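Structure file model_14.tsv with TSV, C-alpha atoms:
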```tsv
chain	number	residue	atom	x	y	z
A	1	MET	CA	-78.15	-11.79	-2.30
A	2	LYS	CA	-76.00	-11.48	0.79
A	3	ASP	CA	-73.38	-13.71	-0.83
A	4	ASP	CA	-73.39	-11.45	-3.83
A	5	ALA	CA	-72.87	-8.39	-1.62
A	6	THR	CA	-70.09	-10.13	0.28
A	7	PHE	CA	-68.47	-11.09	-3.01
A	8	HIS	CA	-68.58	-7.49	-4.18
A	9	ASP	CA	-67.21	-6.24	-0.85
A	10	ALA	CA	-64.31	-8.67	-1.08
A	11	LYS	CA	-63.68	-7.71	-4.70
A	12	LEU	CA	-63.73	-4.03	-3.82
A	13	HIS	CA	-61.25	-4.58	-0.97
A	14	GLU	CA	-58.98	-6.59	-3.19
A	15	LEU	CA	-59.00	-3.88	-5.83
A	16	ALA	CA	-58.45	-1.15	-3.25
A	17	GLN	CA	-55.44	-2.98	-1.85
A	18	ARG	CA	-53.96	-3.30	-5.32
A	19	LEU	CA	-54.67	0.32	-6.18
A	20	GLY	CA	-51.45	2.27	-6.59
A	21	THR	CA	-49.26	-0.71	-5.71
A	22	ARG	CA	-47.35	-0.77	-8.98
A	23	ALA	CA	-46.81	2.98	-8.96
A	24	ALA	CA	-45.53	2.77	-5.37
A	25	GLU	CA	-43.22	-0.11	-6.26
A	26	ARG	CA	-41.63	1.98	-8.97
A	27	LEU	CA	-40.78	4.71	-6.46
A	28	ASP	CA	-37.06	4.81	-5.69
A	29	VAL	CA	-37.32	5.07	-1.92
A	30	ASP	CA	-33.60	5.66	-1.31
A	31	ARG	CA	-33.49	8.46	-3.83
A	32	THR	CA	-36.61	10.00	-2.25
A	33	ALA	CA	-35.04	9.77	1.20
A	34	HIS	CA	-31.85	11.48	-0.01
A	35	ALA	CA	-33.84	14.20	-1.73
A	36	VAL	CA	-35.94	14.86	1.37
A	37	VAL	CA	-32.87	15.04	3.63
A	38	ALA	CA	-31.14	17.37	1.17
A	39	ARG	CA	-34.15	19.69	1.11
A	40	LEU	CA	-34.39	19.67	4.90
A	41	ARG	CA	-30.66	20.49	5.14
A	42	GLU	CA	-31.07	23.32	2.64
A	43	GLU	CA	-34.01	24.75	4.61
A	44	ALA	CA	-32.03	24.58	7.85
A	45	ARG	CA	-29.10	26.45	6.26
A	46	ALA	CA	-31.21	29.16	4.67
A	47	PRO	CA	-31.61	32.15	6.97
A	48	ALA	CA	-35.06	32.47	8.37
A	49	ARG	CA	-37.10	35.01	6.48
A	50	PRO	CA	-37.32	38.07	8.72
A	51	SER	CA	-40.76	39.09	9.74
A	52	VAL	CA	-42.08	42.59	9.18
A	53	TRP	CA	-41.38	43.55	12.77
A	54	SER	CA	-37.77	42.51	12.69
A	55	ARG	CA	-36.88	44.76	9.74
A	56	PRO	CA	-34.57	47.74	10.39
A	57	ALA	CA	-35.93	50.51	12.55
A	58	TRP	CA	-35.87	53.08	9.78
A	59	LEU	CA	-38.31	51.01	7.79
A	60	LYS	CA	-40.73	50.99	10.70
A	61	ILE	CA	-40.34	54.76	11.15
A	62	ALA	CA	-40.93	55.34	7.43
A	63	ALA	CA	-44.01	53.14	7.57
A	64	ALA	CA	-45.31	55.07	10.61
A	65	LEU	CA	-44.78	58.40	8.79
A	66	VAL	CA	-46.69	57.13	5.78
A	67	VAL	CA	-49.54	56.04	8.04
A	68	VAL	CA	-49.63	59.44	9.80
A	69	ALA	CA	-49.53	61.34	6.50
A	70	GLY	CA	-52.25	59.14	5.09
A	71	ALA	CA	-54.41	59.67	8.15
A	72	GLY	CA	-53.92	63.44	7.77
A	73	VAL	CA	-55.05	63.35	4.17
A	74	VAL	CA	-58.10	61.30	5.10
A	75	ALA	CA	-58.97	63.64	8.00
A	76	ARG	CA	-58.73	66.69	5.74
A	77	GLY	CA	-61.10	65.05	3.32
A	78	MET	CA	-63.63	64.26	6.07
A	79	TRP	CA	-64.01	67.79	7.52
A	80	PRO	CA	-65.12	70.77	5.41
A	81	ALA	CA	-62.40	73.29	4.81
A	82	ARG	CA	-62.64	76.35	7.06
A	83	PRO	CA	-62.57	79.73	5.33
A	84	SER	CA	-59.14	81.11	5.39
A	85	ALA	CA	-58.67	84.02	7.77
A	86	ALA	CA	-55.94	85.34	5.56
A	87	ALA	CA	-58.10	85.78	2.47
A	88	PRO	CA	-56.80	88.58	0.29
A	89	VAL	CA	-58.63	91.79	1.03
A	90	GLU	CA	-58.56	95.17	-0.47
A	91	THR	CA	-57.37	97.83	1.92
A	92	VAL	CA	-59.93	100.60	2.42
A	93	ASP	CA	-59.41	103.52	4.70
A	94	LEU	CA	-62.75	103.59	6.48
A	95	SER	CA	-62.04	106.91	8.08
A	96	GLY	CA	-62.04	108.55	4.66
A	97	MET	CA	-65.57	107.38	3.83
A	98	SER	CA	-68.58	109.64	4.04
A	99	ALA	CA	-71.78	108.73	5.84
A	100	PRO	CA	-73.70	107.84	2.60
A	101	GLN	CA	-70.82	105.65	1.50
A	102	LEU	CA	-70.89	103.85	4.80
A	103	ARG	CA	-74.66	103.47	4.61
A	104	GLU	CA	-74.32	101.97	1.13
A	105	LEU	CA	-71.71	99.62	2.46
A	106	LEU	CA	-73.98	98.54	5.30
A	107	ARG	CA	-76.83	97.86	2.87
A	108	SER	CA	-74.65	95.66	0.76
A	109	VAL	CA	-73.63	93.67	3.82
A	110	GLU	CA	-77.23	93.15	4.89
A	111	GLN	CA	-78.38	91.92	1.44
A	112	PRO	CA	-78.45	88.12	1.22
A	113	GLY	CA	-76.18	86.76	-1.44
A	114	ALA	CA	-74.52	90.11	-1.81
A	115	PRO	CA	-70.89	90.11	-2.78
A	116	GLU	CA	-68.34	90.23	-0.05
A	117	PRO	CA	-68.08	93.76	1.32
A	118	VAL	CA	-64.94	95.68	0.80
A	119	SER	CA	-63.12	95.39	4.04
A	120	SER	CA	-60.17	96.90	5.69
A	121	GLN	CA	-57.33	94.99	7.16
A	122	ASP	CA	-56.69	97.77	9.60
A	123	VAL	CA	-60.24	97.96	10.88
A	124	GLY	CA	-61.25	94.36	10.30
A	125	LEU	CA	-64.57	95.40	8.82
A	126	GLU	CA	-65.24	91.91	7.50
A	127	ASP	CA	-65.42	90.72	11.06
A	128	LEU	CA	-68.11	93.21	12.10
A	129	SER	CA	-71.72	92.16	12.34
A	130	PRO	CA	-74.46	94.33	10.80
A	131	ALA	CA	-75.34	95.64	14.26
A	132	GLN	CA	-71.75	96.64	14.89
A	133	LEU	CA	-71.55	98.32	11.49
A	134	ARG	CA	-74.76	100.19	12.25
A	135	ALA	CA	-73.27	101.37	15.53
A	136	LEU	CA	-70.12	102.46	13.71
A	137	LEU	CA	-72.16	104.37	11.16
A	138	ALA	CA	-74.11	106.08	13.89
A	139	SER	CA	-70.93	107.16	15.61
A	140	LEU	CA	-69.53	108.54	12.34
A	141	GLU	CA	-72.77	110.44	11.68
A	142	THR	CA	-72.51	111.94	15.13
A	143	GLU	CA	-68.96	113.03	14.41
A	144	THR	CA	-69.79	114.63	11.06
A	145	SER	CA	-72.91	116.46	12.29
B	146	MET	CA	-12.95	-22.34	16.07
B	147	PRO	CA	-15.41	-21.17	18.73
B	148	PRO	CA	-19.08	-21.69	17.97
B	149	ALA	CA	-20.75	-18.65	16.60
B	150	GLU	CA	-22.81	-16.81	19.17
B	151	PRO	CA	-26.42	-16.31	18.25
B	152	VAL	CA	-26.90	-12.80	16.94
B	153	ALA	CA	-29.64	-11.02	18.82
B	154	ALA	CA	-31.98	-9.22	16.51
B	155	VAL	CA	-31.59	-5.49	17.00
B	156	PRO	CA	-35.06	-4.03	17.34
B	157	SER	CA	-35.58	-1.25	14.88
B	158	PRO	CA	-36.26	2.09	16.52
B	159	THR	CA	-39.85	3.17	16.82
B	160	ASP	CA	-41.21	6.07	14.82
B	161	ALA	CA	-41.33	8.14	18.00
B	162	ALA	CA	-37.62	7.46	18.63
B	163	LEU	CA	-36.75	8.41	15.06
B	164	ILE	CA	-38.79	11.60	15.31
B	165	ALA	CA	-37.00	12.54	18.54
B	166	ALA	CA	-33.64	11.77	16.91
B	167	TRP	CA	-34.50	13.92	13.90
B	168	GLN	CA	-35.53	16.76	16.20
B	169	GLY	CA	-32.14	16.36	17.83
B	170	GLY	CA	-30.46	16.90	14.46
B	171	ASP	CA	-30.02	13.31	13.23
B	172	GLU	CA	-30.57	13.43	9.46
B	173	GLN	CA	-30.34	9.66	9.16
B	174	ALA	CA	-33.39	9.36	11.39
B	175	ALA	CA	-35.33	11.47	8.91
B	176	ALA	CA	-34.06	9.33	6.03
B	177	GLU	CA	-35.13	6.17	7.86
B	178	LEU	CA	-38.63	7.56	8.41
B	179	VAL	CA	-38.86	8.29	4.67
B	180	ARG	CA	-37.67	4.77	3.76
B	181	ARG	CA	-40.10	3.26	6.23
B	182	HIS	CA	-43.25	5.05	5.07
B	183	ALA	CA	-42.65	6.28	1.51
B	184	ARG	CA	-44.18	3.29	-0.27
B	185	ALA	CA	-47.37	3.23	1.81
B	186	LEU	CA	-47.68	6.96	1.27
B	187	ALA	CA	-47.10	6.58	-2.47
B	188	ARG	CA	-49.75	3.86	-2.66
B	189	PHE	CA	-52.25	6.04	-0.81
B	190	LEU	CA	-51.47	9.04	-3.02
B	191	ALA	CA	-51.67	7.03	-6.23
B	192	GLY	CA	-55.01	5.63	-5.07
B	193	ALA	CA	-56.20	9.13	-4.28
B	194	GLY	CA	-55.41	10.27	-7.81
B	195	ALA	CA	-51.78	11.43	-7.85
B	196	PRO	CA	-50.39	11.01	-11.38
B	197	GLU	CA	-47.44	8.63	-11.38
B	198	ALA	CA	-45.24	11.21	-13.05
B	199	ASP	CA	-45.74	13.50	-10.05
B	200	LEU	CA	-45.76	10.82	-7.38
B	201	ASP	CA	-42.14	11.30	-6.23
B	202	ASP	CA	-42.63	15.07	-5.96
B	203	VAL	CA	-45.84	14.71	-3.96
B	204	VAL	CA	-44.23	12.14	-1.65
B	205	GLN	CA	-41.23	14.42	-1.06
B	206	GLU	CA	-43.42	17.45	-0.42
B	207	THR	CA	-45.51	15.46	2.06
B	208	PHE	CA	-42.42	14.45	4.04
B	209	ILE	CA	-41.05	18.00	3.99
B	210	ARG	CA	-44.34	19.37	5.35
B	211	ALA	CA	-44.49	16.62	7.94
B	212	PHE	CA	-40.96	17.28	9.19
B	213	ARG	CA	-41.64	21.01	9.35
B	214	ALA	CA	-44.76	20.41	11.44
B	215	VAL	CA	-43.53	17.43	13.42
B	216	ALA	CA	-43.60	19.42	16.66
B	217	THR	CA	-47.39	19.55	16.33
B	218	PHE	CA	-47.67	15.76	16.09
B	219	ARG	CA	-49.00	14.68	19.48
B	220	GLY	CA	-49.33	10.98	18.82
B	221	GLN	CA	-53.13	11.13	18.48
B	222	CYS	CA	-52.69	8.49	15.77
B	223	ARG	CA	-49.78	6.62	14.26
B	224	PHE	CA	-47.12	8.65	12.46
B	225	ARG	CA	-47.95	6.92	9.18
B	226	THR	CA	-51.64	7.78	9.46
B	227	TRP	CA	-50.75	11.40	10.21
B	228	LEU	CA	-48.44	11.37	7.22
B	229	LEU	CA	-51.20	10.06	4.95
B	230	THR	CA	-53.53	12.88	5.95
B	231	ILE	CA	-50.78	15.42	5.20
B	232	GLY	CA	-50.34	13.67	1.85
B	233	GLY	CA	-54.06	14.19	1.19
B	234	ASN	CA	-53.62	17.93	1.78
B	235	VAL	CA	-50.54	18.11	-0.44
B	236	LEU	CA	-52.39	16.31	-3.21
B	237	LYS	CA	-55.37	18.63	-2.89
B	238	ASP	CA	-53.06	21.66	-3.22
B	239	ALA	CA	-51.30	20.08	-6.20
B	240	HIS	CA	-54.63	19.42	-7.93
B	241	ARG	CA	-55.74	22.94	-7.26
B	242	ARG	CA	-52.54	24.31	-8.78
B	243	ALA	CA	-52.49	22.06	-11.78
B	244	LYS	CA	-56.27	22.11	-12.29
B	245	ARG	CA	-56.05	18.54	-13.35
B	246	SER	CA	-57.15	15.24	-11.96
B	247	ARG	CA	-55.96	11.92	-13.21
B	248	VAL	CA	-56.28	8.42	-11.86
B	249	VAL	CA	-53.61	5.77	-12.01
B	250	PRO	CA	-53.26	5.30	-15.74
B	251	LEU	CA	-54.38	2.07	-17.29
B	252	GLY	CA	-51.30	1.90	-19.48
B	253	ASP	CA	-48.95	1.81	-16.50
B	254	ASP	CA	-50.66	-1.27	-15.15
B	255	LEU	CA	-50.56	-2.97	-18.52
B	256	ARG	CA	-46.80	-2.49	-18.63
B	257	SER	CA	-46.44	-5.21	-15.99
B	258	THR	CA	-45.15	-8.48	-17.43
B	259	ASP	CA	-46.36	-11.01	-14.81
B	260	GLY	CA	-49.50	-13.06	-15.12
B	261	ASP	CA	-51.88	-13.73	-17.95
B	262	PRO	CA	-52.20	-10.71	-20.26
B	263	HIS	CA	-55.99	-11.01	-20.40
B	264	GLU	CA	-56.30	-11.19	-16.61
B	265	ARG	CA	-53.93	-8.26	-16.28
B	266	ALA	CA	-56.00	-6.24	-18.67
B	267	VAL	CA	-59.24	-7.08	-16.82
B	268	ALA	CA	-57.66	-6.24	-13.45
B	269	ALA	CA	-56.22	-3.02	-14.81
B	270	GLU	CA	-59.60	-2.01	-16.19
B	271	ALA	CA	-61.27	-2.67	-12.84
B	272	GLU	CA	-58.58	-0.67	-11.05
B	273	GLY	CA	-59.01	2.13	-13.52
B	274	ARG	CA	-62.76	2.20	-12.88
B	275	LEU	CA	-62.20	2.14	-9.15
B	276	GLY	CA	-59.75	5.02	-9.49
B	277	GLU	CA	-62.27	6.98	-11.53
B	278	GLY	CA	-64.98	6.20	-8.98
B	279	LEU	CA	-62.74	7.43	-6.18
B	280	GLN	CA	-62.29	10.73	-8.00
B	281	GLN	CA	-66.07	11.19	-8.01
B	282	LEU	CA	-66.28	10.88	-4.23
B	283	PRO	CA	-66.10	13.76	-1.78
B	284	ARG	CA	-62.59	14.07	-0.37
B	285	LEU	CA	-63.49	12.80	3.10
B	286	GLN	CA	-65.26	9.71	1.73
B	287	ARG	CA	-62.32	8.99	-0.56
B	288	GLU	CA	-59.75	9.29	2.20
B	289	VAL	CA	-61.77	7.25	4.69
B	290	PHE	CA	-62.23	4.54	2.07
B	291	LEU	CA	-58.52	4.41	1.22
B	292	LEU	CA	-57.43	4.48	4.86
B	293	ARG	CA	-59.82	1.64	5.64
B	294	ALA	CA	-59.77	-0.56	2.53
B	295	GLN	CA	-56.28	0.11	1.20
B	296	GLN	CA	-54.31	0.80	4.38
B	297	GLY	CA	-56.38	-1.46	6.66
B	298	LEU	CA	-56.83	1.04	9.48
B	299	GLU	CA	-59.45	0.85	12.23
B	300	TYR	CA	-62.22	3.44	12.36
B	301	GLU	CA	-60.83	4.83	15.64
B	302	GLU	CA	-57.46	5.48	14.02
B	303	ILE	CA	-59.06	7.02	10.92
B	304	ALA	CA	-61.28	9.24	13.05
B	305	ALA	CA	-58.34	10.46	15.14
B	306	ALA	CA	-56.34	11.31	12.02
B	307	LEU	CA	-59.15	13.09	10.22
B	308	GLY	CA	-60.54	14.85	13.27
B	309	THR	CA	-63.91	13.12	13.21
B	310	THR	CA	-65.69	10.40	15.17
B	311	PRO	CA	-65.44	6.66	14.52
B	312	GLY	CA	-69.18	6.60	13.81
B	313	ALA	CA	-68.89	9.34	11.21
B	314	ALA	CA	-65.89	7.59	9.66
B	315	ARG	CA	-67.95	4.40	9.40
B	316	VAL	CA	-70.80	6.27	7.68
B	317	HIS	CA	-68.37	7.87	5.19
B	318	TYR	CA	-66.89	4.48	4.46
B	319	HIS	CA	-70.28	2.89	3.77
B	320	HIS	CA	-71.35	5.74	1.50
B	321	ALA	CA	-68.08	5.38	-0.39
B	322	VAL	CA	-68.47	1.62	-0.76
B	323	LYS	CA	-72.04	1.99	-2.02
B	324	ARG	CA	-71.03	4.48	-4.70
B	325	LEU	CA	-67.89	2.57	-5.72
B	326	LYS	CA	-69.83	-0.66	-6.16
B	327	GLU	CA	-72.07	1.15	-8.61
B	328	CYS	CA	-69.00	2.25	-10.54
B	329	LEU	CA	-67.74	-1.32	-10.75
B	330	LYS	CA	-71.03	-2.91	-11.88
```

Would you mind giving the structure from this file in structure tokens?
Amino acid sequence: MKDDATFHDAKLHELAQRLGTRAAERLDVDRTAHAVVARLREEARAPARPSVWSRPAWLKIAAALVVVAGAGVVARGMWPARPSAAAPVETVDLSGMSAPQLRELLRSVEQPGAPEPVSSQDVGLEDLSPAQLRALLASLETETS
Amino acid sequence: MPPAEPVAAVPSPTDAALIAAWQGGDEQAAAELVRRHARALARFLAGAGAPEADLDDVVQETFIRAFRAVATFRGQCRFRTWLLTIGGNVLKDAHRRAKRSRVVPLGDDLRSTDGDPHERAVAAEAEGRLGEGLQQLPRLQREVFLLRAQQGLEYEEIAAALGTTPGAARVHYHHAVKRLKECLK
């Protein structure tokens, strides 16, 4: 049994040593050597490929601007847009309003879901709280009475 | 006529000397390294499954990669052994690209004209089966087997080249032998 195994081992080794021998013999070693040297020479002559960080400065600046602009776009998308302070408003001369008109205006402000009150750019009525509007109304009533 | 003086044999430069010369810009040193190791490399690659039609290309590519990376060669094993492992990587990449795997073709062996035709045919068939068996092995087992059985390297040398231990190399070799024997039955 052991002899059989030894025989097979020897046979396997013999085959392994023969494997690829003919193909290797057919290789033209001198031609391969010339080809390798020629390729190495060609590689040495070719300018080294510049890395990203050795490109001209303007390219780096342009890349930085793109990154900043992109970050800005992303940041705008992440935070909810604030209401614009310069929303178009209809100009109303508050001083020309009567007390009932002002009271009606105040009621509309206090109602939830009510449409935006008519405001005045001059007075900045849209910025007043209900309490402030009430105080304003009271002062106007005092003036008219 | 004076008697001819005995010509002292000029020792051929070592691989390390040729590598140093190449690094110093001597192209002939590179060519000498190719001449010295190309056949052993070709034999290893053919055994590992390189098609003969592509053998020259794979050999060239292996040398190019080796010369590019020669600064990383620290002499942990012999230059030839290091070269063979690079050849294994080149062949793996080539197989991946081509999505094909072929052993040394039977027909190429039959083209040989020496010896008895019947014996040649039997030997070629056995080689073909061995080649097929090698393709069935995991890459590490295949390379350990070829480095040991075909190139005659010691386990220590194989382990240093493949980044493993001599014990592990021995185990891979024995697994490979066991499976290859089954292929040859």

Inset, instruction - Compile the residues of chain B that lie within 6 Å of chain A, evaluated using only C-alpha atoms, and express the compilation as number ranges by chain. - result: B: 176, 179-180, 184, 187-188, 191-192, 205, 294-295

Legend entry - Between atom CA of Ala174 of chain B and atom CA of Asp202 of chain B, distance in Å (one decimal):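 Between atom CA of Ala174 of chain B and atom CA of Asp202 of chain B the gap is 20.5 Å.
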
Inset, instruction - Excluding Leu228 of chain B and residues on its chain fewer than 4 positions from it, collect all residues at most 8 Å away from it, counting all atoms listed in the file, and give them as a list in words. - result: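 The residues satisfying every condition are Leu186, Thr207, Phe208, Ala211, Phe224 and Gly232 of chain B.
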
Inset, instruction - Rounded to one decimal place, report the atom CA of Met97 of chain A-atom CA of Ser139 of chain A distance in Å. - result: 12.9 Å

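The coordinates place atom CA of Gly276 of chain B at 18.0 Å from atom CA of Glu264 of chain B.
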